file work-v3.cif (mmCIF, C-alpha atoms, pLDDT in the B column; chains and numbers go by the auth columns)
data_upload
loop_
_atom_site.group_PDB
_atom_site.id
_atom_site.type_symbol
_atom_site.label_atom_id
_atom_site.label_comp_id
_atom_site.label_asym_id
_atom_site.label_seq_id
_atom_site.Cartn_x
_atom_site.Cartn_y
_atom_site.Cartn_z
_atom_site.B_iso_or_equiv
_atom_site.auth_seq_id
_atom_site.auth_asym_id
ATOM 1 C CA MET A 1 102.098 87.351 138.098 40.00 1 A
ATOM 2 C CA ALA A 2 98.955 88.409 139.945 46.00 2 A
ATOM 3 C CA SER A 3 96.210 85.860 140.344 51.00 3 A
ATOM 4 C CA ASP A 4 92.888 86.478 138.630 58.00 4 A
ATOM 5 C CA LYS A 5 90.422 86.620 141.543 68.00 5 A
ATOM 6 C CA SER A 6 87.593 85.265 139.387 85.00 6 A
ATOM 7 C CA PHE A 7 89.278 81.860 139.173 87.00 7 A
ATOM 8 C CA LEU A 8 88.422 79.367 141.909 90.00 8 A
ATOM 9 C CA LEU A 9 90.587 76.988 143.891 89.00 9 A
ATOM 10 C CA ILE A 10 89.376 73.401 144.071 91.00 10 A
ATOM 11 C CA GLY A 11 87.724 73.740 147.491 92.00 11 A
ATOM 12 C CA GLU A 12 85.796 76.843 146.448 92.00 12 A
ATOM 13 C CA LEU A 13 84.621 75.191 143.250 93.00 13 A
ATOM 14 C CA ALA A 14 83.570 71.992 145.014 94.00 14 A
ATOM 15 C CA LYS A 15 81.568 73.979 147.552 95.00 15 A
ATOM 16 C CA LYS A 16 79.862 76.189 144.942 94.00 16 A
ATOM 17 C CA ALA A 17 79.033 73.153 142.772 94.00 17 A
ATOM 18 C CA ASN A 18 77.867 71.097 145.771 95.00 18 A
ATOM 19 C CA THR A 19 80.295 68.275 145.077 95.00 19 A
ATOM 20 C CA THR A 20 83.590 66.907 146.373 95.00 20 A
ATOM 21 C CA LYS A 21 87.173 67.837 145.583 94.00 21 A
ATOM 22 C CA ASP A 22 87.708 64.279 144.319 95.00 22 A
ATOM 23 C CA THR A 23 84.877 64.719 141.823 95.00 23 A
ATOM 24 C CA VAL A 24 86.362 68.020 140.646 94.00 24 A
ATOM 25 C CA ARG A 25 89.781 66.374 140.238 93.00 25 A
ATOM 26 C CA HIS A 26 88.247 63.493 138.281 94.00 26 A
ATOM 27 C CA TYR A 27 86.324 65.792 135.935 93.00 27 A
ATOM 28 C CA ASP A 28 89.460 67.907 135.463 92.00 28 A
ATOM 29 C CA GLN A 29 91.564 64.831 134.625 91.00 29 A
ATOM 30 C CA LEU A 30 88.984 63.868 131.991 91.00 30 A
ATOM 31 C CA GLY A 31 89.219 67.335 130.470 88.00 31 A
ATOM 32 C CA LEU A 32 85.653 68.298 131.326 90.00 32 A
ATOM 33 C CA LEU A 33 86.629 71.452 133.216 89.00 33 A
ATOM 34 C CA LYS A 34 88.590 74.570 132.311 82.00 34 A
ATOM 35 C CA SER A 35 91.552 74.877 134.635 86.00 35 A
ATOM 36 C CA ARG A 36 94.982 76.389 134.750 86.00 36 A
ATOM 37 C CA LYS A 37 98.072 75.840 136.872 85.00 37 A
ATOM 38 C CA ARG A 38 99.491 78.606 139.044 82.00 38 A
ATOM 39 C CA GLN A 39 102.826 78.522 140.846 78.00 39 A
ATOM 40 C CA ALA A 40 102.806 80.065 144.317 78.00 40 A
ATOM 41 C CA GLY A 41 106.196 79.674 145.932 75.00 41 A
ATOM 42 C CA SER A 42 106.983 75.983 145.984 77.00 42 A
ATOM 43 C CA ARG A 43 103.349 74.933 145.479 78.00 43 A
ATOM 44 C CA LEU A 44 101.507 74.404 142.232 74.00 44 A
ATOM 45 C CA TYR A 45 97.814 75.214 142.401 79.00 45 A
ATOM 46 C CA THR A 46 95.076 74.326 139.974 86.00 46 A
ATOM 47 C CA GLU A 47 92.602 77.138 139.475 89.00 47 A
ATOM 48 C CA PHE A 48 89.235 76.666 137.819 90.00 48 A
ATOM 49 C CA HIS A 49 87.279 79.010 135.592 87.00 49 A
ATOM 50 C CA PRO A 50 84.019 80.183 137.245 88.00 50 A
ATOM 51 C CA GLU A 51 82.132 78.571 134.335 88.00 51 A
ATOM 52 C CA CYS A 52 83.060 75.211 135.899 91.00 52 A
ATOM 53 C CA VAL A 53 80.227 75.532 138.432 93.00 53 A
ATOM 54 C CA GLU A 54 77.743 75.496 135.544 91.00 54 A
ATOM 55 C CA ARG A 55 79.688 72.709 133.809 90.00 55 A
ATOM 56 C CA ILE A 56 79.568 70.481 136.894 94.00 56 A
ATOM 57 C CA GLU A 57 75.813 71.037 137.198 93.00 57 A
ATOM 58 C CA LEU A 58 75.437 70.135 133.514 89.00 58 A
ATOM 59 C CA ILE A 59 77.591 67.016 133.950 92.00 59 A
ATOM 60 C CA LYS A 60 75.510 65.818 136.898 93.00 60 A
ATOM 61 C CA SER A 61 72.249 66.477 135.049 88.00 61 A
ATOM 62 C CA ALA A 62 73.487 64.675 131.951 86.00 62 A
ATOM 63 C CA GLN A 63 74.556 61.683 134.042 88.00 63 A
ATOM 64 C CA THR A 64 71.077 61.368 135.565 87.00 64 A
ATOM 65 C CA VAL A 65 69.597 60.897 132.088 81.00 65 A
ATOM 66 C CA GLY A 66 72.153 58.346 130.987 81.00 66 A
ATOM 67 C CA PHE A 67 75.110 60.211 129.511 85.00 67 A
ATOM 68 C CA THR A 68 78.491 58.787 130.455 88.00 68 A
ATOM 69 C CA LEU A 69 81.517 60.876 131.349 91.00 69 A
ATOM 70 C CA ASN A 70 83.286 59.558 128.264 87.00 70 A
ATOM 71 C CA GLU A 71 80.415 60.655 126.032 83.00 71 A
ATOM 72 C CA MET A 72 80.571 64.094 127.582 85.00 72 A
ATOM 73 C CA LYS A 73 84.355 64.215 127.359 82.00 73 A
ATOM 74 C CA ASP A 74 84.252 63.558 123.641 73.00 74 A
ATOM 75 C CA GLY A 75 82.038 66.539 122.858 75.00 75 A
ATOM 76 C CA PHE A 76 81.948 68.825 125.866 74.00 76 A
ATOM 77 C CA ASN A 77 84.563 71.383 124.892 71.00 77 A
ATOM 78 C CA ASP A 78 83.390 71.395 121.285 76.00 78 A
ATOM 79 C CA PHE A 79 79.850 72.097 122.513 75.00 79 A
ATOM 80 C CA TYR A 80 80.966 75.020 124.653 71.00 80 A
ATOM 81 C CA ALA A 81 83.124 76.360 121.834 75.00 81 A
ATOM 82 C CA GLY A 82 80.180 76.175 119.419 79.00 82 A
ATOM 83 C CA LYS A 83 81.942 73.644 117.197 84.00 83 A
ATOM 84 C CA ILE A 84 79.090 71.105 117.172 84.00 84 A
ATOM 85 C CA SER A 85 76.395 71.805 114.593 86.00 85 A
ATOM 86 C CA LEU A 86 72.719 71.659 115.438 87.00 86 A
ATOM 87 C CA ASP A 87 72.389 68.569 113.207 91.00 87 A
ATOM 88 C CA GLU A 88 75.157 66.804 115.152 88.00 88 A
ATOM 89 C CA GLN A 89 73.594 67.775 118.473 83.00 89 A
ATOM 90 C CA LEU A 90 70.176 66.598 117.310 89.00 90 A
ATOM 91 C CA SER A 91 71.533 63.275 116.060 90.00 91 A
ATOM 92 C CA PHE A 92 73.530 62.617 119.211 84.00 92 A
ATOM 93 C CA ASN A 93 70.639 63.480 121.505 83.00 93 A
ATOM 94 C CA GLN A 94 68.186 61.388 119.469 90.00 94 A
ATOM 95 C CA LYS A 95 70.483 58.356 119.743 89.00 95 A
ATOM 96 C CA LYS A 96 70.779 58.886 123.492 85.00 96 A
ATOM 97 C CA LEU A 97 66.995 59.252 123.827 88.00 97 A
ATOM 98 C CA ASP A 98 66.494 55.981 121.927 92.00 98 A
ATOM 99 C CA GLN A 99 69.016 54.270 124.194 87.00 99 A
ATOM 100 C CA VAL A 100 67.402 55.584 127.391 86.00 100 A
ATOM 101 C CA GLN A 101 63.925 54.586 126.201 91.00 101 A
ATOM 102 C CA LYS A 102 65.192 51.070 125.507 92.00 102 A
ATOM 103 C CA GLN A 103 66.721 50.917 128.990 89.00 103 A
ATOM 104 C CA GLN A 104 63.448 52.156 130.442 91.00 104 A
ATOM 105 C CA ALA A 105 61.513 49.415 128.616 94.00 105 A
ATOM 106 C CA ASN A 106 63.963 46.778 129.849 94.00 106 A
ATOM 107 C CA THR A 107 63.638 48.102 133.395 94.00 107 A
ATOM 108 C CA SER A 108 59.833 47.919 133.177 95.00 108 A
ATOM 109 C CA ILE A 109 60.027 44.302 132.025 96.00 109 A
ATOM 110 C CA MET A 110 62.387 43.455 134.884 96.00 110 A
ATOM 111 C CA ILE A 111 60.045 45.118 137.406 96.00 111 A
ATOM 112 C CA GLU A 112 57.142 43.011 136.129 96.00 112 A
ATOM 113 C CA LEU A 113 59.173 39.787 136.260 96.00 113 A
ATOM 114 C CA LEU A 114 60.473 40.458 139.758 96.00 114 A
ATOM 115 C CA SER A 115 57.017 41.450 141.009 97.00 115 A
ATOM 116 C CA GLU A 116 55.531 38.228 139.655 97.00 116 A
ATOM 117 C CA ARG A 117 58.328 36.167 141.176 96.00 117 A
ATOM 118 C CA ILE A 118 57.803 37.814 144.575 97.00 118 A
ATOM 119 C CA LYS A 119 54.071 37.016 144.407 96.00 119 A
ATOM 120 C CA GLU A 120 54.871 33.387 143.575 96.00 120 A
ATOM 121 C CA LEU A 121 57.384 33.112 146.409 95.00 121 A
ATOM 122 C CA LYS A 122 54.973 34.668 148.909 95.00 122 A
ATOM 123 C CA ALA A 123 52.269 32.233 147.806 94.00 123 A
ATOM 124 C CA MET A 124 54.699 29.317 148.235 93.00 124 A
ATOM 125 C CA GLN A 125 55.675 30.661 151.652 93.00 125 A
ATOM 126 C CA ALA A 126 52.012 30.986 152.711 92.00 126 A
ATOM 127 C CA ASN A 127 51.285 27.423 151.568 91.00 127 A
ATOM 128 C CA SER A 128 54.245 26.018 153.485 87.00 128 A
ATOM 129 C CA ASP A 129 53.119 27.507 156.835 75.00 129 A
#
call {"tool": "encode", "arguments": {"input": "work-v3.cif", "output": "structure tokens"}}
result
Amino acid sequence: MASDKSFLLIGELAKKANTTKDTVRHYDQLGLLKSRKRQAGSRLYTEFHPECVERIELIKSAQTVGFTLNEMKDGFNDFYAGKISLDEQLSFNQKKLDQVQKQQANTSIMIELLSERIKELKAMQANSD
């Protein structure tokens, strides 16, 4: 069976997506990428759909705003297949926004507390000299 030239081997995909082969393998194991197996002699190769470059970029972007790989795994293929309604997408994204805003508020509080503590420690250090 002839290989479809549009499919990418792991090294090609990693390079195009600006990531590592290990990351590609991990995402593939989680079911986040479209791949297929191809036998070539005694070797079994995993080939990746060209769409995976876009998927990896989406995964990385989603991670930076707080989505976990498991959250993405649960809905990723349904999203791409158009099986998630707009209401479901809206609800999910609103919950994630609420969660990220809460984390942001907690981070701001921690920054204030640590800043105050550093000022106190510096004052104690200055007084002990």
call {"tool": "closest_residue", "arguments": {"input": "work-v3.cif", "among": "A:Arg43, A:Arg55, A:Lys96, A:His49", "to": "Ile10 (chain A)", "atoms": "all atoms listed in the file"}}
result
A:His49
call {"tool": "residues_around", "arguments": {"input": "work-v3.cif", "residues": "region 98-107 of chain A", "least_positions_apart": "3", "cutoff": "12 Å", "atoms": "all atoms listed in the file", "output": "MDAnalysis selection string"}}
result
chainID A and resid 62:68 91:95 110:114
call {"tool": "atom_distance", "arguments": {"input": "work-v3.cif", "atom1": "CA of His26 (chain A)", "atom2": "CA of Phe48 (chain A)"}}
result
13.2 Å
call {"tool": "residues_around", "arguments": {"input": "work-v3.cif", "residues": "region 70-79 of chain A", "least_positions_apart": "3", "cutoff": "7 Å", "atoms": "all atoms listed in the file", "output": "short mmCIF file (atom, residue, chain, number, x, y, z; two decimals) with C-alpha atoms, in the coordinates of the input"}}
result
data_model
loop_
_atom_site.label_atom_id
_atom_site.label_comp_id
_atom_site.auth_asym_id
_atom_site.auth_seq_id
_atom_site.Cartn_x
_atom_site.Cartn_y
_atom_site.Cartn_z
CA LEU A 30 88.98 63.87 131.99
CA GLY A 31 89.22 67.33 130.47
CA LEU A 32 85.65 68.30 131.33
CA PHE A 67 75.11 60.21 129.51
CA GLY A 82 80.18 76.18 119.42
CA LYS A 83 81.94 73.64 117.20
CA ILE A 84 79.09 71.10 117.17
#
call {"tool": "atom_distance", "arguments": {"input": "work-v3.cif", "atom1": "CA of Lys37 (chain A)", "atom2": "CA of Thr20 (chain A)"}}
result
19.5 Å
call {"tool": "atom_distance", "arguments": {"input": "work-v3.cif", "atom1": "CA of Tyr80 (chain A)", "atom2": "CA of Pro50 (chain A)"}}
result
13.9 Å
call {"tool": "axis_aligned_box", "arguments": {"input": "work-v3.cif", "around": "region 27-41 of chain A", "padding_each_side": "5 Å", "output": "JSON"}}
result
{"center_x": 95.9, "center_y": 72.0, "center_z": 138.2, "size_x": 30.5, "size_y": 26.2, "size_z": 25.5}
call {"tool": "resolve_selection", "arguments": {"input": "work-v3.cif", "expression": "the PyMOL selection byres ((chain A and resi 17) around 10)", "output": "list in words"}}
result
Gly11, Glu12, Leu13, Ala14, Lys15, Lys16, Asn18, Thr19, Thr20, Val24, Cys52, Val53, Glu54, Arg55, Ile56 and Glu57 of chain A
call {"tool": "closest_residue", "arguments": {"input": "work-v3.cif", "among": "A:Ala123, A:Glu47, A:Gln89, A:Arg117", "to": "Ser6 (chain A)", "atoms": "all atoms listed in the file"}}
result
A:Glu47
call {"tool": "residues_around", "arguments": {"input": "work-v3.cif", "residues": "Thr46 (chain A)", "least_positions_apart": "6", "cutoff": "9 Å", "atoms": "all atoms listed in the file", "output": "compact mmCIF listing (two decimals) with C-alpha atoms, keeping the file's coordinate frame"}}
result
# COMPACT_ATOMS: atom_id res chain seq x y z
CA LEU A 8 88.42 79.37 141.91
CA LEU A 9 90.59 76.99 143.89
CA ILE A 10 89.38 73.40 144.07
CA SER A 35 91.55 74.88 134.64
CA ARG A 36 94.98 76.39 134.75
CA LYS A 37 98.07 75.84 136.87
CA ARG A 38 99.49 78.61 139.04
CA GLN A 39 102.83 78.52 140.85
call {"tool": "build_atoms", "arguments": {"input": "work-v3.cif", "residues": "region 15-45 of chain A", "atoms": "N, CA and C atoms", "output": "JSON list (two decimals), in the frame of the given file"}}
result
[["chain", "number", "residue", "atom", "x", "y", "z"],
["A", 15, "LYS", "N", 82.63, 73.46, 146.69],
["A", 15, "LYS", "CA", 81.57, 73.98, 147.55],
["A", 15, "LYS", "C", 80.47, 74.64, 146.72],
["A", 16, "LYS", "N", 80.86, 75.50, 145.77],
["A", 16, "LYS", "CA", 79.86, 76.19, 144.94],
["A", 16, "LYS", "C", 79.07, 75.22, 144.07],
["A", 17, "ALA", "N", 79.70, 74.13, 143.65],
["A", 17, "ALA", "CA", 79.03, 73.15, 142.77],
["A", 17, "ALA", "C", 78.38, 72.03, 143.57],
["A", 18, "ASN", "N", 78.47, 72.11, 144.89],
["A", 18, "ASN", "CA", 77.87, 71.10, 145.77],
["A", 18, "ASN", "C", 78.36, 69.69, 145.43],
["A", 19, "THR", "N", 79.68, 69.57, 145.37],
["A", 19, "THR", "CA", 80.30, 68.28, 145.08],
["A", 19, "THR", "C", 81.58, 68.15, 145.90],
["A", 20, "THR", "N", 82.36, 67.13, 145.62],
["A", 20, "THR", "CA", 83.59, 66.91, 146.37],
["A", 20, "THR", "C", 84.81, 67.32, 145.56],
["A", 21, "LYS", "N", 85.91, 67.52, 146.26],
["A", 21, "LYS", "CA", 87.17, 67.84, 145.58],
["A", 21, "LYS", "C", 87.59, 66.68, 144.68],
["A", 22, "ASP", "N", 87.36, 65.45, 145.14],
["A", 22, "ASP", "CA", 87.71, 64.28, 144.32],
["A", 22, "ASP", "C", 86.94, 64.27, 143.00],
["A", 23, "THR", "N", 85.67, 64.65, 143.05],
["A", 23, "THR", "CA", 84.88, 64.72, 141.82],
["A", 23, "THR", "C", 85.43, 65.79, 140.89],
["A", 24, "VAL", "N", 85.78, 66.94, 141.45],
["A", 24, "VAL", "CA", 86.36, 68.02, 140.65],
["A", 24, "VAL", "C", 87.66, 67.54, 140.00],
["A", 25, "ARG", "N", 88.51, 66.88, 140.78],
["A", 25, "ARG", "CA", 89.78, 66.37, 140.24],
["A", 25, "ARG", "C", 89.53, 65.39, 139.09],
["A", 26, "HIS", "N", 88.56, 64.50, 139.30],
["A", 26, "HIS", "CA", 88.25, 63.49, 138.28],
["A", 26, "HIS", "C", 87.76, 64.16, 136.99],
["A", 27, "TYR", "N", 86.83, 65.09, 137.11],
["A", 27, "TYR", "CA", 86.32, 65.79, 135.94],
["A", 27, "TYR", "C", 87.45, 66.57, 135.24],
["A", 28, "ASP", "N", 88.34, 67.16, 136.03],
["A", 28, "ASP", "CA", 89.46, 67.91, 135.46],
["A", 28, "ASP", "C", 90.40, 66.97, 134.71],
["A", 29, "GLN", "N", 90.68, 65.80, 135.28],
["A", 29, "GLN", "CA", 91.56, 64.83, 134.62],
["A", 29, "GLN", "C", 90.97, 64.36, 133.30],
["A", 30, "LEU", "N", 89.65, 64.28, 133.23],
["A", 30, "LEU", "CA", 88.98, 63.87, 131.99],
["A", 30, "LEU", "C", 88.92, 65.00, 130.96],
["A", 31, "GLY", "N", 89.26, 66.20, 131.39],
["A", 31, "GLY", "CA", 89.22, 67.33, 130.47],
["A", 31, "GLY", "C", 87.86, 67.98, 130.37],
["A", 32, "LEU", "N", 87.00, 67.74, 131.35],
["A", 32, "LEU", "CA", 85.65, 68.30, 131.33],
["A", 32, "LEU", "C", 85.58, 69.71, 131.90],
["A", 33, "LEU", "N", 86.63, 70.14, 132.58],
["A", 33, "LEU", "CA", 86.63, 71.45, 133.22],
["A", 33, "LEU", "C", 87.75, 72.32, 132.66],
["A", 34, "LYS", "N", 87.55, 73.63, 132.71],
["A", 34, "LYS", "CA", 88.59, 74.57, 132.31],
["A", 34, "LYS", "C", 89.41, 74.90, 133.54],
["A", 35, "SER", "N", 90.69, 74.58, 133.50],
["A", 35, "SER", "CA", 91.55, 74.88, 134.64],
["A", 35, "SER", "C", 92.90, 75.37, 134.14],
["A", 36, "ARG", "N", 93.63, 75.94, 135.06],
["A", 36, "ARG", "CA", 94.98, 76.39, 134.75],
["A", 36, "ARG", "C", 95.83, 76.16, 135.99],
["A", 37, "LYS", "N", 97.12, 76.04, 135.77],
["A", 37, "LYS", "CA", 98.07, 75.84, 136.87],
["A", 37, "LYS", "C", 98.67, 77.19, 137.25],
["A", 38, "ARG", "N", 98.88, 77.37, 138.56],
["A", 38, "ARG", "CA", 99.49, 78.61, 139.04],
["A", 38, "ARG", "C", 100.53, 78.24, 140.09],
["A", 39, "GLN", "N", 101.73, 78.75, 139.90],
["A", 39, "GLN", "CA", 102.83, 78.52, 140.85],
["A", 39, "GLN", "C", 102.74, 79.58, 141.94],
["A", 40, "ALA", "N", 102.78, 79.14, 143.18],
["A", 40, "ALA", "CA", 102.81, 80.06, 144.32],
["A", 40, "ALA", "C", 103.90, 79.57, 145.25],
["A", 41, "GLY", "N", 105.07, 80.15, 145.15],
["A", 41, "GLY", "CA", 106.20, 79.67, 145.93],
["A", 41, "GLY", "C", 106.59, 78.30, 145.44],
["A", 42, "SER", "N", 106.61, 77.35, 146.36],
["A", 42, "SER", "CA", 106.98, 75.98, 145.98],
["A", 42, "SER", "C", 105.76, 75.13, 145.65],
["A", 43, "ARG", "N", 104.57, 75.69, 145.74],
["A", 43, "ARG", "CA", 103.35, 74.93, 145.48],
["A", 43, "ARG", "C", 102.78, 75.25, 144.11],
["A", 44, "LEU", "N", 102.18, 74.24, 143.51],
["A", 44, "LEU", "CA", 101.51, 74.40, 142.23],
["A", 44, "LEU", "C", 100.01, 74.23, 142.48],
["A", 45, "TYR", "N", 99.25, 75.25, 142.19],
["A", 45, "TYR", "CA", 97.81, 75.21, 142.40],
["A", 45, "TYR", "C", 97.09, 75.07, 141.08]]
